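Structure file protein_34.txt; described as compact mmCIF, C-alpha atoms.
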# COMPACT_ATOMS: atom_id res chain seq x y z
CA SER A 5 -28.45 1.03 11.00
CA VAL A 6 -25.75 1.55 13.61
CA LYS A 7 -28.32 2.03 16.39
CA ALA A 8 -29.91 -1.34 15.63
CA GLN A 9 -26.50 -3.02 15.70
CA MET A 10 -25.62 -1.36 18.99
CA ASP A 11 -28.98 -2.39 20.50
CA ASN A 12 -28.19 -6.02 19.62
CA LEU A 13 -24.77 -5.76 21.22
CA MET A 14 -26.30 -4.13 24.33
CA ARG A 15 -28.84 -6.98 24.65
CA MET A 16 -25.91 -9.42 24.62
CA LYS A 17 -24.26 -7.25 27.32
CA LEU A 18 -21.15 -6.79 25.15
CA PHE A 19 -21.63 -3.01 25.34
CA LYS A 20 -23.15 -0.92 28.12
CA LEU A 21 -24.48 2.60 28.16
CA LYS A 22 -22.34 4.89 30.28
CA ASP A 23 -23.12 8.62 30.56
CA GLY A 24 -25.09 8.60 27.29
CA ALA A 25 -22.25 6.91 25.35
CA TYR A 26 -21.60 3.28 24.47
CA ALA A 27 -18.76 1.62 26.34
CA LEU A 28 -17.26 -1.81 25.80
CA ASN A 29 -18.02 -4.20 28.66
CA LEU A 30 -14.54 -5.53 29.44
CA GLU A 31 -15.88 -8.01 32.02
CA TRP A 32 -18.05 -9.75 29.41
CA SER A 33 -17.05 -13.33 28.77
CA TYR A 34 -19.09 -16.25 27.56
CA LYS A 35 -17.66 -19.00 25.39
CA LYS A 36 -20.90 -20.22 23.81
CA THR A 37 -22.10 -16.87 22.49
CA ARG A 38 -20.97 -15.83 19.06
CA VAL A 39 -21.01 -12.21 18.11
CA LYS A 40 -21.99 -11.59 14.52
CA ILE A 41 -21.82 -7.99 13.39
CA ASP A 42 -23.65 -7.51 10.15
CA GLN A 43 -22.57 -4.74 7.89
CA PRO A 44 -25.65 -3.75 5.94
CA ILE A 45 -24.84 -3.44 2.26
CA LYS A 46 -25.68 0.01 1.00
CA SER A 47 -27.96 -0.44 -1.94
CA GLU A 48 -27.89 2.07 -4.75
CA THR A 49 -30.86 4.40 -4.71
CA LYS A 50 -33.08 4.91 -7.73
CA ALA A 51 -31.65 8.41 -8.34
CA GLU A 52 -28.06 7.14 -8.16
CA SER A 53 -28.93 4.26 -10.48
CA ASP A 54 -30.54 6.61 -13.02
CA LYS A 55 -27.55 8.95 -12.87
CA THR A 56 -25.15 6.03 -13.39
CA HIS A 57 -27.13 4.79 -16.41
CA LYS A 58 -27.23 8.29 -17.89
CA ASP A 59 -23.45 8.69 -17.43
CA VAL A 60 -22.83 5.33 -19.09
CA GLU A 61 -25.06 6.26 -22.04
CA ASP A 62 -23.26 9.60 -22.46
CA ASP A 63 -19.87 7.88 -22.39
CA ARG A 64 -21.05 5.32 -24.93
CA LYS A 65 -22.25 8.05 -27.28
CA LEU A 66 -18.78 9.58 -27.23
CA VAL A 67 -17.18 6.18 -27.89
CA VAL A 68 -19.53 5.62 -30.85
CA GLN A 69 -18.59 9.02 -32.28
CA ALA A 70 -14.88 8.28 -31.86
CA TYR A 71 -15.22 4.94 -33.64
CA LEU A 72 -17.23 6.52 -36.47
CA VAL A 73 -14.54 9.15 -37.02
CA ARG A 74 -11.80 6.51 -36.84
CA ILE A 75 -13.56 4.31 -39.41
CA MET A 76 -14.25 7.22 -41.76
CA LYS A 77 -10.67 8.44 -41.43
CA MET A 78 -9.44 5.01 -42.56
CA ARG A 79 -11.98 4.43 -45.35
CA LYS A 80 -12.45 8.05 -46.56
CA GLN A 81 -15.84 7.16 -48.18
CA MET A 82 -18.47 4.68 -47.05
CA LYS A 83 -22.10 3.76 -47.59
CA HIS A 84 -24.49 4.21 -44.68
CA THR A 85 -25.25 0.52 -44.05
CA LEU A 86 -21.59 -0.47 -44.29
CA LEU A 87 -20.63 2.26 -41.84
CA ILE A 88 -23.24 1.10 -39.33
CA ASP A 89 -22.21 -2.56 -39.75
CA GLU A 90 -18.52 -1.73 -39.32
CA THR A 91 -19.23 0.36 -36.22
CA ILE A 92 -21.28 -2.43 -34.63
CA LYS A 93 -18.59 -4.97 -35.50
CA GLN A 94 -15.81 -2.93 -33.91
CA LEU A 95 -17.82 -1.96 -30.82
CA ARG A 96 -19.13 -5.48 -30.22
CA GLU A 97 -16.25 -6.28 -27.85
CA ARG A 98 -17.00 -3.23 -25.64
CA PHE A 99 -20.82 -3.13 -25.74
CA LYS A 100 -23.71 -3.65 -28.16
CA PRO A 101 -24.51 -0.22 -29.60
CA LYS A 102 -28.05 0.65 -30.61
CA VAL A 103 -28.49 1.52 -34.28
CA SER A 104 -30.46 4.63 -33.29
CA VAL A 105 -27.47 5.90 -31.27
CA ILE A 106 -25.16 5.31 -34.25
CA LYS A 107 -27.55 7.21 -36.57
CA ARG A 108 -27.77 10.14 -34.14
CA SER A 109 -23.99 10.14 -33.85
CA ILE A 110 -23.63 10.26 -37.64
CA ASP A 111 -25.98 13.26 -37.78
CA LEU A 112 -24.03 14.96 -35.00
CA LEU A 113 -20.72 14.36 -36.80
CA ILE A 114 -22.22 15.85 -39.98
CA GLU A 115 -23.23 18.94 -37.96
CA LYS A 116 -19.73 19.15 -36.46
CA GLU A 117 -18.34 18.77 -40.00
CA TYR A 118 -16.23 15.67 -39.32
CA ILE A 119 -18.04 13.84 -42.11
CA ARG A 120 -20.35 14.95 -44.91
CA ARG A 121 -22.86 13.40 -47.25
CA LEU A 122 -21.58 12.92 -50.80
CA ASP A 123 -23.25 15.14 -53.37
CA GLY A 124 -26.21 13.49 -55.05
CA THR A 125 -26.47 10.63 -52.55
CA ARG A 126 -28.24 10.36 -49.21
CA ASP A 127 -26.65 7.12 -48.07
CA GLU A 128 -22.93 7.71 -48.65
CA TYR A 129 -20.55 9.67 -46.45
CA ALA A 130 -17.07 11.11 -46.89
CA TYR A 131 -14.51 12.02 -44.23
CA VAL A 132 -13.71 15.73 -44.02
CA ALA A 133 -10.00 16.19 -43.32
Since I need it in another form, could you write the structure as structure tokens?
Amino acid sequence: SVKAQMDNLMRMKLFKLKDGAYALNLEWSYKKTRVKIDQPIKSETKAESDKTHKDVEDDRKLVVQAYLVRIMKMRKQMKHTLLIDETIKQLRERFKPKVSVIKRSIDLLIEKEYIRRLDGTRDEYAYVA
């Protein structure tokens, strides 16, 4: 903390306390003493870390959905396994998506009516223009 740093500097007589405030000791001079002022690195708290991870996951879900729509727009029709494989292949350069996230994204896109299941099949999708 700042108080700890100032206490160190006061012990070295580089600063003095004047009227309740720190003042630089302009008469201080000593060639053999080195002054090292450490800046403590602010570590990320657990709450901040959790929030960051949640934000990253949310952003990744949107990226997965965008890639799914892009792939389906190009291919028009695709089987489930091929769609998952193609999505993983294209996203590999950005991050490694979890298959469960891709499946949830497919279900969400079906609800939003971007893609639909082909009649009579459970594992084939078609792009809805």
With distances taken over all atoms listed in the file, which of A:Thr125, A:Gln9, A:Gln94, A:Thr56 is nearest to Leu72 of chain A?
A:Gln94
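Closest to Ile88 of chain A among A:Ile106, A:Ile119, A:Leu30, A:Met76 is A:Ile106, based on only C-alpha atoms.
Of the listed residues A:Leu13, A:Ala8, A:Ala25, A:Leu122, the one whose atoms come nearest to Gln81 of chain A is A:Leu122, with distances taken using all atoms listed in the file.
For the pair atom CA of Ser109 of chain A and atom CA of Leu66 of chain A, the separation is 8.4 Å.
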Choose the residue, out of A:Val68, A:Ala51, A:Ala130, A:Met10, that has the smallest atom-to-atom separation from Phe99 of chain A; count all atoms listed in the file.
A:Val68
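Note that the spacing between atom CA of Lys50 of chain A and atom CA of Arg108 of chain A amounts to 27.4 Å.
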Please report the interatomic distance between atom CA of Arg120 of chain A and atom CA of His84 of chain A in Å with one decimal.
11.5 Å
Residue with the minimum atom-to-atom distance to Met82 of chain A, picked from A:Lys7, A:Lys116, A:Arg126, A:Lys65 with only C-alpha atoms counted, is A:Arg126
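The environment of Tyr26 of chain A within 10 Å, counting only C-alpha atoms and disregarding residues fewer than 4 places along the same chain, consists of Met10, Met14, Phe19, Lys20, Leu21 and Lys22 of chain A.
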Show me as a PyMOL selection string the residues that reach within 8 Å of (-24.6, 3.8, -48.5), counting all atoms listed in the file and using the file's own coordinates.
chain A and resi 82-87+126-129
Let me make sure I understand: among A:Ile114, A:Asp54, A:Val105, A:Ala27, which one has the smallest atom-to-atom distance to Ile92 of chain A if we use all atoms listed in the file?
A:Val105
Axis-aligned box over every listed atom of segment 88-93 of chain A, padded by 6 Å per side: centre and edges in Å to one decimal, as AutoDock Vina command-line options?
--center_x -20.9 --center_y -1.9 --center_z -37.2 --size_x 16.7 --size_y 18.1 --size_z 17.1
